[in-house]
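Read the structure below first, then the notes.
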Amino acid sequence: MSAAPAHEPVMLRQAIEGLAVRPGGRYVDATIGAGGHARAILEASGPGGRLLGIDADPQALTAAAERLRDFGDAVVLAHGNIEALCEERRFLPVDGVLFDLGVSSLQLDTPGRGFSFQRDEPLDMRMDPAGELSAAEIVNGYAEPELAKLIWEYGEERRSRAIARAVMARRPILTTGDLVSAIEQVVGRGRRRQIHPATLTFQALRIAVNQEIESLVVALPAARDLLDGAGSRLVVIAFHSLEDRAVKQYFRREASDCICPPRTPLCTCGHSATVRLVTRRVRRPSAAEVERNPRARSARMRVAESIVEREAA
Ligand SMILES: C[S@@+](CC[C@H](N)C(=O)[O-])C[C@H]1O[C@@H](n2cnc3c(N)ncnc32)[C@H](O)[C@@H]1O
């Protein structure tokens with residue numbers, strides 16, 4: 001049997017530093033994938049470190065279990081959406097939570113998942129195979145304006161309207177190959193486009209299928225609630241501007257003593273800061289990392305640290 005395709009963890013050193021991993025600490029990897037970051041966290045938190053790994057994708061959990069086998073019961077794996085963090089009370093409290101968002105190389109490179117435009121296969125893209133909606137259902141079921149909006153918002157694809165029109169004309173679209181040919185009718189491989197014509201449309205569909213932005217917005221406060229008081233850390237690596245904006249807005253709000261609308265004469269919100277920003281500006285991967293691993297090119301990392309002492313249970 002061939003080995004599972006490797007996923008190279010992005011911004012690995014910065015993630016471990018961002019979490020301020022310490023021996024004996026407890027951590028949550030909310031998007032464990034193939035377990036690359038998780039392995040480094042467990043190594044840095046030994047002896048005595050523990051890790052809860054969550055993923056929507058059962059294949060990712062199998063790969064992570066294999067990669068982390070030698071850590072025995074220091075690792076707990078849970079299948080579910082990152083929103084399930086809210087339910088992980090039994091692992092409370094933790095010294096750090098990591099989110100490494102988006103898709104893994106394992107998902108892109110494993111045939112049959114429908115994430116990649118490099119092979120012709122059923123147009124699926126669900127991280128959780130039990131998820132409600134596949135990419136084929138969106139592509140064949142949405143009205144043209146809805147489809148164009150989705151491709152524009154989640155793909156930032158400037159030819160979104162033309163692509164939606166081409167998709168409508170070609171329905172039913174059952175495979176990744178059908179979708180690629182519809183896109184290639186209207187998007188060429190011109191000099192100004194350095195990526196494959198289907199890259200942004202595939203990204204948009206994947207984000208919609210897996211409700212990635214909505215999940216993140218719910219998961220961030222849930223993750224903050226898991227933190228073990230002052231000094232514990234939240235690290236998020238985002239790959240899309242909408243994800244990064246959600247993280248930035250949430251961190252800014254939580255780092256602020258007042259969240260009243262601008263120009264309110266007297267503060268009435270009663271909010272007090274719960275975190276301090278460790279990264280005032282977003283961190284990016286080094287040029288050397290992007291050269292070695294082009295999938296790191298759009299990574300943006302933000303780190304926040306809890307400033308709230310945890311109340312005794
Ligand atoms: C970039 S990969 C993580 C790779 C991992 N850090 C490593 O080093 O191997 C992202 C993982 O997060 C999972 N994921 C993405 N969105 C999710 C969500 N909303 N809930 C749960 N898992 C999610 C994906 O299934 C994927 O396995």
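Each chain of the structure tokens is named A, B, ... in the order shown, its residues numbered from 1; ligands are numbered from 1 in display order.
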
Where in segment 88-269 of chain A does DSSP assign alpha helix (DSSP H), given as a VMD selection string?
-> chain A and resid 105 to 109 135 to 141 144 to 155 160 to 170 176 to 186 199 to 209 212 to 226 241 to 254

Mind listing the strand (DSSP E) residues of segment 128-308 of chain A, per DSSP on the backbone, as a short mmCIF file (atom, residue, chain, number, x, y, z; two decimals) with all heavy atoms, in the first residue's frame?
```cif
data_model
loop_
_atom_site.label_atom_id
_atom_site.label_comp_id
_atom_site.auth_asym_id
_atom_site.auth_seq_id
_atom_site.Cartn_x
_atom_site.Cartn_y
_atom_site.Cartn_z
N ARG A 233 -2.39 30.64 25.56
CA ARG A 233 -2.31 31.26 24.23
C ARG A 233 -3.27 30.67 23.20
O ARG A 233 -3.58 29.48 23.24
CB ARG A 233 -0.89 31.07 23.67
CG ARG A 233 0.23 31.71 24.48
CD ARG A 233 0.43 33.13 24.02
NE ARG A 233 1.49 33.84 24.70
CZ ARG A 233 2.71 34.07 24.19
NH1 ARG A 233 3.03 33.58 23.01
NH2 ARG A 233 3.58 34.78 24.86
N LEU A 234 -3.65 31.54 22.25
CA LEU A 234 -4.49 31.16 21.11
C LEU A 234 -3.69 31.52 19.85
O LEU A 234 -3.29 32.68 19.70
CB LEU A 234 -5.74 32.01 21.18
CG LEU A 234 -7.05 31.57 20.60
CD1 LEU A 234 -7.42 30.19 21.08
CD2 LEU A 234 -8.15 32.56 21.01
N VAL A 235 -3.43 30.54 18.99
CA VAL A 235 -2.66 30.78 17.76
C VAL A 235 -3.51 30.37 16.57
O VAL A 235 -4.06 29.27 16.53
CB VAL A 235 -1.35 29.94 17.76
CG1 VAL A 235 -0.61 30.09 16.44
CG2 VAL A 235 -0.47 30.34 18.92
N VAL A 236 -3.66 31.29 15.61
CA VAL A 236 -4.46 30.97 14.42
C VAL A 236 -3.64 31.22 13.16
O VAL A 236 -3.10 32.31 12.97
CB VAL A 236 -5.75 31.83 14.35
CG1 VAL A 236 -6.64 31.33 13.21
CG2 VAL A 236 -6.51 31.79 15.66
N ILE A 237 -3.57 30.19 12.31
CA ILE A 237 -2.94 30.34 10.99
C ILE A 237 -4.07 30.30 9.96
O ILE A 237 -4.77 29.28 9.85
CB ILE A 237 -1.93 29.21 10.69
CG1 ILE A 237 -0.92 29.08 11.84
CG2 ILE A 237 -1.22 29.46 9.36
CD1 ILE A 237 0.01 27.85 11.71
N ALA A 238 -4.27 31.41 9.27
CA ALA A 238 -5.35 31.51 8.28
C ALA A 238 -4.74 31.57 6.88
O ALA A 238 -3.59 31.97 6.71
CB ALA A 238 -6.18 32.76 8.55
N VAL A 275 -7.82 39.38 26.51
CA VAL A 275 -6.54 38.92 25.95
C VAL A 275 -5.64 40.13 25.68
O VAL A 275 -6.11 41.27 25.62
CB VAL A 275 -6.72 38.14 24.62
CG1 VAL A 275 -7.62 36.94 24.77
CG2 VAL A 275 -7.23 39.03 23.48
N ARG A 276 -4.35 39.84 25.50
CA ARG A 276 -3.46 40.85 24.93
C ARG A 276 -2.96 40.29 23.60
O ARG A 276 -2.85 39.07 23.43
CB ARG A 276 -2.31 41.18 25.89
CG ARG A 276 -1.17 40.22 25.85
CD ARG A 276 0.04 40.65 26.68
NE ARG A 276 1.02 39.57 26.65
CZ ARG A 276 2.00 39.47 25.75
NH1 ARG A 276 2.16 40.39 24.83
NH2 ARG A 276 2.84 38.44 25.77
N LEU A 277 -2.70 41.20 22.65
CA LEU A 277 -2.24 40.76 21.33
C LEU A 277 -0.74 40.52 21.39
O LEU A 277 0.02 41.44 21.68
CB LEU A 277 -2.55 41.83 20.27
CG LEU A 277 -4.01 42.25 20.16
CD1 LEU A 277 -4.19 43.29 19.07
CD2 LEU A 277 -4.90 41.03 19.88
N ARG A 300 -1.15 33.38 7.21
CA ARG A 300 -1.06 34.57 8.07
C ARG A 300 -1.35 34.11 9.49
O ARG A 300 -2.39 33.52 9.75
CB ARG A 300 -2.15 35.58 7.70
CG ARG A 300 -2.02 36.11 6.29
CD ARG A 300 -3.35 36.62 5.82
NE ARG A 300 -3.42 36.42 4.37
CZ ARG A 300 -4.19 37.11 3.56
NH1 ARG A 300 -4.97 38.03 4.04
NH2 ARG A 300 -4.19 36.87 2.29
N MET A 301 -0.41 34.41 10.39
CA MET A 301 -0.56 33.94 11.77
C MET A 301 -0.84 35.09 12.74
O MET A 301 -0.22 36.15 12.64
CB MET A 301 0.71 33.22 12.21
CG MET A 301 0.65 32.75 13.65
SD MET A 301 2.22 32.10 14.24
CE MET A 301 2.25 30.57 13.39
N ARG A 302 -1.77 34.87 13.65
CA ARG A 302 -2.03 35.82 14.74
C ARG A 302 -2.03 35.07 16.06
O ARG A 302 -2.49 33.92 16.12
CB ARG A 302 -3.37 36.54 14.56
CG ARG A 302 -3.39 37.43 13.33
CD ARG A 302 -4.68 38.21 13.22
NE ARG A 302 -4.73 38.85 11.91
CZ ARG A 302 -4.25 40.07 11.65
NH1 ARG A 302 -3.73 40.80 12.61
NH2 ARG A 302 -4.33 40.57 10.43
N VAL A 303 -1.54 35.74 17.11
CA VAL A 303 -1.42 35.11 18.43
C VAL A 303 -2.00 36.05 19.48
O VAL A 303 -1.71 37.25 19.48
CB VAL A 303 0.06 34.83 18.77
CG1 VAL A 303 0.19 34.13 20.12
CG2 VAL A 303 0.75 34.02 17.67
N ALA A 304 -2.82 35.50 20.37
CA ALA A 304 -3.34 36.28 21.50
C ALA A 304 -3.08 35.50 22.79
O ALA A 304 -3.03 34.26 22.77
CB ALA A 304 -4.83 36.52 21.33
N GLU A 305 -2.92 36.24 23.88
CA GLU A 305 -2.64 35.60 25.18
C GLU A 305 -3.69 36.01 26.19
O GLU A 305 -4.00 37.21 26.31
CB GLU A 305 -1.26 36.05 25.66
CG GLU A 305 -0.87 35.43 26.99
CD GLU A 305 0.52 35.87 27.41
OE1 GLU A 305 1.49 35.25 26.96
OE2 GLU A 305 0.62 36.86 28.16
N SER A 306 -4.21 35.05 26.91
CA SER A 306 -5.23 35.36 27.92
C SER A 306 -4.64 36.21 29.04
O SER A 306 -3.52 35.99 29.48
CB SER A 306 -5.79 34.06 28.51
OG SER A 306 -6.64 34.37 29.58
#
```

Site check for ligand 1: residues at most 6 Å away, only C-alpha atoms and all ligand atoms, as an MDAnalysis selection string | chainID A and resid 7 9 31:37 55:57 60 80:82 100:104 127 212 215

Surrounding residues of Ile213 of chain A excluding itself and chain neighbours under 4 positions, 8 Å, only C-alpha atoms, as a ChimeraX atom specification = /A:207,217,242-243,246

Selection above as a file: N, CA and C atoms, as a compact mmCIF listing (two decimals), in the first residue's frame:
```txt
# COMPACT_ATOMS: atom_id res chain seq x y z
N ILE A 207 -14.72 26.31 0.68
CA ILE A 207 -15.05 27.12 1.87
C ILE A 207 -16.56 27.07 2.13
N VAL A 217 -15.93 31.57 13.21
CA VAL A 217 -16.51 32.65 14.03
C VAL A 217 -17.07 32.08 15.34
N LEU A 242 -10.80 36.45 4.36
CA LEU A 242 -12.01 36.50 5.20
C LEU A 242 -11.77 35.83 6.55
N GLU A 243 -11.02 34.73 6.53
CA GLU A 243 -10.67 34.05 7.79
C GLU A 243 -9.81 34.98 8.64
N ALA A 246 -11.75 37.72 10.24
CA ALA A 246 -12.55 37.26 11.39
C ALA A 246 -11.66 37.13 12.63
```

Quick one: residues within 12 Å of Glu289 of chain A, only C-alpha atoms counted, chain neighbours fewer than 2 positions away excluded, as a count of residues only?
-> 20

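Residues surrounding Ile173 of chain A within 12 Å are Asp120, Glu121, Pro122, Leu123, Asp124, Ala135, Ala136, Glu137, Ile138, Val139, Asn140, Gly141, Ala166, Val167, Met168, Ala169, Arg170, Thr176, Gly177, Asp178, Leu179, Val180, Ser181, Ala182 and Ile183 of chain A [only C-alpha atoms; sequence separation below 3 positions excluded].
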